[in-house]
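Here's the structure, in structure tokens; my notes come after.
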Amino acid sequence: MILGLKGIPSIKQGDDLGKLIFDTCKKQKIKLLDNDIIVIAHKIVSKSEGRVFDYSNIQPSPFAKRIAKKSKKEAPHVEAILSQTKSILRMEGHHLITETRHGFICANSGVDTSNLKDESTVCLLPKDPDHSAKTIKNKIQSLAGVEVAIIISDTFGRPWRIGQVNMAIGIAGMNPLLDYRGGKDMYNRKLRFTLIAIADELASAAELVMKKSDGIPVAILRGVQYMSGRGSVNDLIRPKEIDLFR
């Protein structure tokens, strides 16, 4: 079951997302249960943490200006992207594929301009999405008295497929991977490679009800089997030494 949480107010810096989500559940008459998974769009997390900036006030570096000219982006916007970038992997036309300081491979280091009031405003990813997820989890559990898992999600493109999907960028209260290696398939053959990124699957499933135009930045997934624990989004990042495409 996937429940879209309606009625989340416009988020500003300093807002307590755990309490807002709990209060909104009560207003919507949703009783949180043990093992519910709460998927939260990163943008409201970033807003609550003050990660929204007016890039018109940013002084771009000469390097940012050169990239801006090639990519046809505004130079202050590029400077905001570079501030979150560990390395640039690809630059082709308007596309800038980077590795963020978190280790994510994505477009523009996750620096986003959608669903923001002013055209010159950019939203950065949370500094530590796992920590953000843990803070929200602890507050919800203290208020609701139940064990929940939290996934903070963002929209990513995929190198081999057309279209974007939501993926996990922050996790608390669950193992983001389901490891079937060593088990048997339906024909009793030993499984050798099956390692399922369940956190990404759940983030994508939640996106079905998290419509940006409808203002639904939170979804509750219920009835899903997962391994609870102290997982991290870092568990999902493929180490560079076994990445065949870098």
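Please note that chains go A, B, ... in the order of the structure tokens, that every chain numbers its residues from 1, and that ligands are numbered from 1 in the order shown.
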
Could you give me, as a list of chain:residue names, the residues within 12 Å of A:Asn138, counting only C-alpha atoms and dropping anything in the same chain fewer than 3 positions from it?
A:Asp16, A:Leu17, A:Gly18, A:Lys19, A:Phe22, A:His131, A:Ser132, A:Ala133, A:Lys134, A:Thr135, A:Gln141, A:Ser142, A:Leu143, A:Ala144, A:Gly145, A:Val146, A:Glu147, A:Val148, A:Ala149, A:Ile150, A:Ala172, A:Gly173

Contact residues around A:Asn234 with only C-alpha atoms at 10 Å, ignoring same-chain residues under 5 positions, as an mmCIF file with N, CA and C atoms, in the first residue's frame:
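Dumped to selection.cif:
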```
data_model
loop_
_atom_site.group_PDB
_atom_site.id
_atom_site.type_symbol
_atom_site.label_atom_id
_atom_site.label_comp_id
_atom_site.auth_asym_id
_atom_site.auth_seq_id
_atom_site.Cartn_x
_atom_site.Cartn_y
_atom_site.Cartn_z
ATOM 1 N N HIS A 102 28.847 13.697 -1.812
ATOM 2 C CA HIS A 102 28.336 12.497 -1.139
ATOM 3 C C HIS A 102 28.796 11.214 -1.831
ATOM 4 N N GLY A 103 29.184 11.346 -3.131
ATOM 5 C CA GLY A 103 29.526 10.167 -3.928
ATOM 6 C C GLY A 103 28.472 9.784 -4.935
ATOM 7 N N PHE A 104 27.387 10.569 -5.064
ATOM 8 C CA PHE A 104 26.337 10.277 -6.040
ATOM 9 C C PHE A 104 26.802 10.712 -7.434
ATOM 10 N N ASP A 130 21.774 10.877 5.228
ATOM 11 C CA ASP A 130 21.538 9.817 6.220
ATOM 12 C C ASP A 130 21.244 10.418 7.596
ATOM 13 N N ILE A 169 18.557 8.767 -1.515
ATOM 14 C CA ILE A 169 19.809 9.487 -1.261
ATOM 15 C C ILE A 169 20.098 9.570 0.232
ATOM 16 N N GLY A 170 19.144 9.166 1.058
ATOM 17 C CA GLY A 170 19.337 9.135 2.500
ATOM 18 C C GLY A 170 18.458 8.062 3.109
ATOM 19 N N ILE A 171 18.969 7.359 4.132
ATOM 20 C CA ILE A 171 18.268 6.197 4.681
ATOM 21 C C ILE A 171 18.441 6.163 6.194
ATOM 22 N N PRO A 176 19.406 -0.968 2.974
ATOM 23 C CA PRO A 176 18.931 -0.597 1.637
ATOM 24 C C PRO A 176 19.058 -1.692 0.600
ATOM 25 N N PRO A 239 31.593 1.168 -5.547
ATOM 26 C CA PRO A 239 32.978 1.644 -5.438
ATOM 27 C C PRO A 239 33.604 1.846 -6.821
#
```

Once DSSP has gone over the backbone, tell me which residues of stretch 18-181 of chain A are in strand (DSSP E), as a PyMOL selection string.
chain A and resi 36-41+52-54+85-92+95-100+105-107+121-123+148-158+161-172+178-179

Point-to-point distance in Å for atom CA of A:Gly4 and atom CA of A:Ile196:
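Separating atom CA of A:Ile196 from atom CA of A:Gly4 is a distance of 24.5 Å.
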
For A:Glu99, which of A:Ile242, A:Ile237, A:Gly231, A:Leu116 is the closest residue, counting only C-alpha atoms?
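The closest residue to A:Glu99 is A:Ile237.
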